[in-house]
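Report on the structure given below.
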Amino acid sequence: MLGLIVARSKNNVIGKDGKIPWNIKGEQKQFKELTTGNTIIMGRKTYEDIGHPLPNRINIVISRTTNYPGVITVDSLEKALELAEGNIYIIGGYNLFKEVIPLVDVMYITEVNMEVENGDVYFPSFNEAEFEITKGEENSDFKRLIYTRKNKSDL
Ligand SMILES: NC(=O)c1ccc[n+]([C@@H]2O[C@H](COP(=O)([O-])OP(=O)(O)OC[C@H]3O[C@@H](n4cnc5c(N)ncnc54)[C@H](OP(=O)(O)O)[C@@H]3O)[C@@H](O)[C@H]2O)c1
């Protein structure tokens, strides 16, 4: 299973100044539940934002310039996918999301109930018609949507 996990603002921002521009209690709970025991794949800047390997899962960082202790570093998504085990989750940023959207089985998209001014990283646009959308948890701070790829024969 290949998926991606992202949280985006109402105006589609995912990053600002190298960080995620919100800190909402409980927002990352689903991330931990999904990824523990599986594989996360991320770009260098996303890893630098997290700052350390996340425990109890395989951490793969994609970079052409840097190696980090405690994580697997490769220089392409293709190599990362070869080394991944279990369910594979791409966790950002922009270029990896863009590269992987055509390949994913499922996208866990959390829509954060705020507009972010001066964001500098956005979630890529994609064809919603290729996915079936299921609603998950919703509260005043965010709502969770699961985009599952439709069978080609349904299109
Ligand atoms: N809201 C969310 O859910 C979420 C999720 C993830 C990240 N973010 C935010 O997004 C921002 C970071 O995202 P970003 O798009 O700027 O950067 P990023 O994708 O995390 O990192 C970019 C770097 O990753 C490497 N890379 C990415 N794709 C590659 C490929 N196909 N082949 C080889 N190397 C590749 C390159 O590293 P080298 O330059 O070392 O070669 C590139 O400079 C931060 O603000 C972060 O907090 C938000």
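Identifiers in this document derive from the order of the structure tokens: chains are assigned A, B, ..., residues are numbered from 1 separately in each chain, and ligands are numbered from 1 in order of occurrence.
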Problem - Distance query Asn56 (chain A) at most 9 Å, only C-alpha atoms, self and fewer than 2 positions along chain excluded, as a ChimeraX atom specification - result: /A:35-38,54,58
Exercise for the section: Within 9 Å of ligand 1, which residues show up when you count only C-alpha atoms and all ligand atoms? List them as a ChimeraX atom specification, please. Expected result: /A:5-9,13-22,42-50,61-67,74-78,90-97,99,109-110,119-123
Could the residues in this selection be written to a file with C-alpha atoms, as a short mmCIF file (atom, residue, chain, number, x, y, z; two decimals), in the first residue's frame?
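Resulting contents of result_22.cif:
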```cif
data_model
loop_
_atom_site.label_atom_id
_atom_site.label_comp_id
_atom_site.auth_asym_id
_atom_site.auth_seq_id
_atom_site.Cartn_x
_atom_site.Cartn_y
_atom_site.Cartn_z
CA ILE A 5 -0.32 11.96 4.59
CA VAL A 6 -0.66 15.73 4.61
CA ALA A 7 -2.29 18.52 6.55
CA ARG A 8 -3.17 21.61 4.56
CA SER A 9 -4.77 24.94 5.39
CA VAL A 13 -0.58 25.90 2.52
CA ILE A 14 1.49 23.06 4.00
CA GLY A 15 4.67 24.92 5.02
CA LYS A 16 6.05 28.31 5.96
CA ASP A 17 9.66 29.20 6.84
CA GLY A 18 10.66 25.52 6.94
CA LYS A 19 7.94 24.58 9.41
CA ILE A 20 4.31 23.53 9.58
CA PRO A 21 2.50 26.80 10.37
CA TRP A 22 0.15 25.52 13.07
CA MET A 42 10.26 12.37 3.19
CA GLY A 43 12.29 15.10 1.54
CA ARG A 44 15.35 16.60 3.22
CA LYS A 45 13.64 19.80 4.36
CA THR A 46 10.74 17.91 5.90
CA TYR A 47 13.25 15.76 7.79
CA GLU A 48 15.13 18.85 8.97
CA ASP A 49 11.84 20.25 10.28
CA ILE A 50 11.09 17.02 12.20
CA VAL A 61 15.00 10.65 3.68
CA ILE A 62 15.47 11.67 0.06
CA SER A 63 18.41 14.01 -0.56
CA ARG A 64 21.09 14.45 -3.16
CA THR A 65 23.27 16.44 -0.77
CA THR A 66 23.11 15.17 2.80
CA ASN A 67 23.28 12.00 4.91
CA VAL A 74 18.69 7.83 -0.78
CA ASP A 75 18.76 10.16 -3.77
CA SER A 76 15.49 9.21 -5.47
CA LEU A 77 11.92 8.20 -4.73
CA GLU A 78 12.48 5.03 -6.75
CA ILE A 90 5.04 9.75 1.70
CA ILE A 91 4.97 12.61 4.20
CA GLY A 92 6.20 15.59 2.15
CA GLY A 93 7.14 18.01 0.92
CA TYR A 94 5.90 19.52 -2.30
CA ASN A 95 8.02 17.71 -4.91
CA LEU A 96 7.58 14.29 -3.38
CA PHE A 97 3.84 14.79 -3.10
CA GLU A 99 5.80 12.91 -7.85
CA ILE A 109 -5.63 14.78 3.84
CA THR A 110 -6.38 16.80 6.96
CA GLY A 119 2.92 30.33 3.18
CA ASP A 120 5.80 29.17 0.99
CA VAL A 121 4.97 25.49 0.35
CA TYR A 122 1.61 24.33 -1.02
CA PHE A 123 0.01 20.94 -1.63
#
```
Exercise for the section: Would you list the contacts of Leu34 (chain A) as number ranges by chain, taking every protein, DNA or RNA residue within 12 Å and counting only C-alpha atoms, but skipping same-chain residues closer than 2 positions in sequence? Expected result: A: 1-5, 28-32, 36-40, 56-57, 86-91, 107-108
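You will find CA of Glu85 (chain A) at 27.5 Å from CA of Glu137 (chain A).
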Handout entry: Of the listed residues A:Asn151, A:Val106, A:Thr73, A:Lys79, that which approaches Thr134 (chain A) most closely, counting only C-alpha atoms
Key =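 Looking at the shortest contact to Thr134 (chain A), the residue is A:Val106.
For Ser140 (chain A), the set of protein, DNA and RNA residues having any atom at most 10 Å away, when counting only C-alpha atoms and skipping those fewer than 3 positions along the same chain, is Val112, Asn113 and Lys143 of chain A.
In this model, the gap between CA of Asp105 (chain A) and CA of Thr148 (chain A) comes to 6.0 Å.
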Problem - Computed interatomic separation between CA of Glu132 (chain A) and CA of Ile146 (chain A) (Å) - result: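 About the pair CA of Glu132 (chain A) and CA of Ile146 (chain A): they are 8.0 Å apart.
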Go through chain A and collect every residue that DSSP, computed from the backbone, puts in alpha helix (DSSP H); the answer should be as a PDB file with C-alpha atoms, in the first residue's frame.
```pdb
ATOM      1  CA  LYS A  29      -2.478  11.526  16.263  1.00  0.00           C
ATOM      2  CA  GLN A  30      -3.628   9.909  13.029  1.00  0.00           C
ATOM      3  CA  PHE A  31      -0.114  10.302  11.585  1.00  0.00           C
ATOM      4  CA  LYS A  32       1.374   8.304  14.434  1.00  0.00           C
ATOM      5  CA  GLU A  33      -1.308   5.608  14.270  1.00  0.00           C
ATOM      6  CA  LEU A  34      -0.919   5.103  10.534  1.00  0.00           C
ATOM      7  CA  THR A  35       2.851   5.191  10.295  1.00  0.00           C
ATOM      8  CA  ARG A  44      15.349  16.597   3.222  1.00  0.00           C
ATOM      9  CA  LYS A  45      13.635  19.801   4.359  1.00  0.00           C
ATOM     10  CA  THR A  46      10.741  17.909   5.902  1.00  0.00           C
ATOM     11  CA  TYR A  47      13.250  15.757   7.789  1.00  0.00           C
ATOM     12  CA  GLU A  48      15.129  18.846   8.969  1.00  0.00           C
ATOM     13  CA  ASP A  49      11.843  20.251  10.276  1.00  0.00           C
ATOM     14  CA  ILE A  50      11.094  17.025  12.201  1.00  0.00           C
ATOM     15  CA  LEU A  77      11.924   8.203  -4.729  1.00  0.00           C
ATOM     16  CA  GLU A  78      12.477   5.033  -6.752  1.00  0.00           C
ATOM     17  CA  LYS A  79      15.300   3.911  -4.429  1.00  0.00           C
ATOM     18  CA  ALA A  80      13.245   4.827  -1.365  1.00  0.00           C
ATOM     19  CA  LEU A  81      10.331   2.687  -2.546  1.00  0.00           C
ATOM     20  CA  GLU A  82      12.678  -0.287  -3.076  1.00  0.00           C
ATOM     21  CA  LEU A  83      13.856  -0.102   0.553  1.00  0.00           C
ATOM     22  CA  TYR A  94       5.900  19.524  -2.301  1.00  0.00           C
ATOM     23  CA  ASN A  95       8.017  17.713  -4.909  1.00  0.00           C
ATOM     24  CA  LEU A  96       7.582  14.294  -3.379  1.00  0.00           C
ATOM     25  CA  PHE A  97       3.840  14.789  -3.104  1.00  0.00           C
ATOM     26  CA  LYS A  98       3.739  15.898  -6.738  1.00  0.00           C
ATOM     27  CA  GLU A  99       5.802  12.908  -7.852  1.00  0.00           C
ATOM     28  CA  VAL A 100       3.773  10.392  -5.895  1.00  0.00           C
TER      29      VAL A 100
END
```
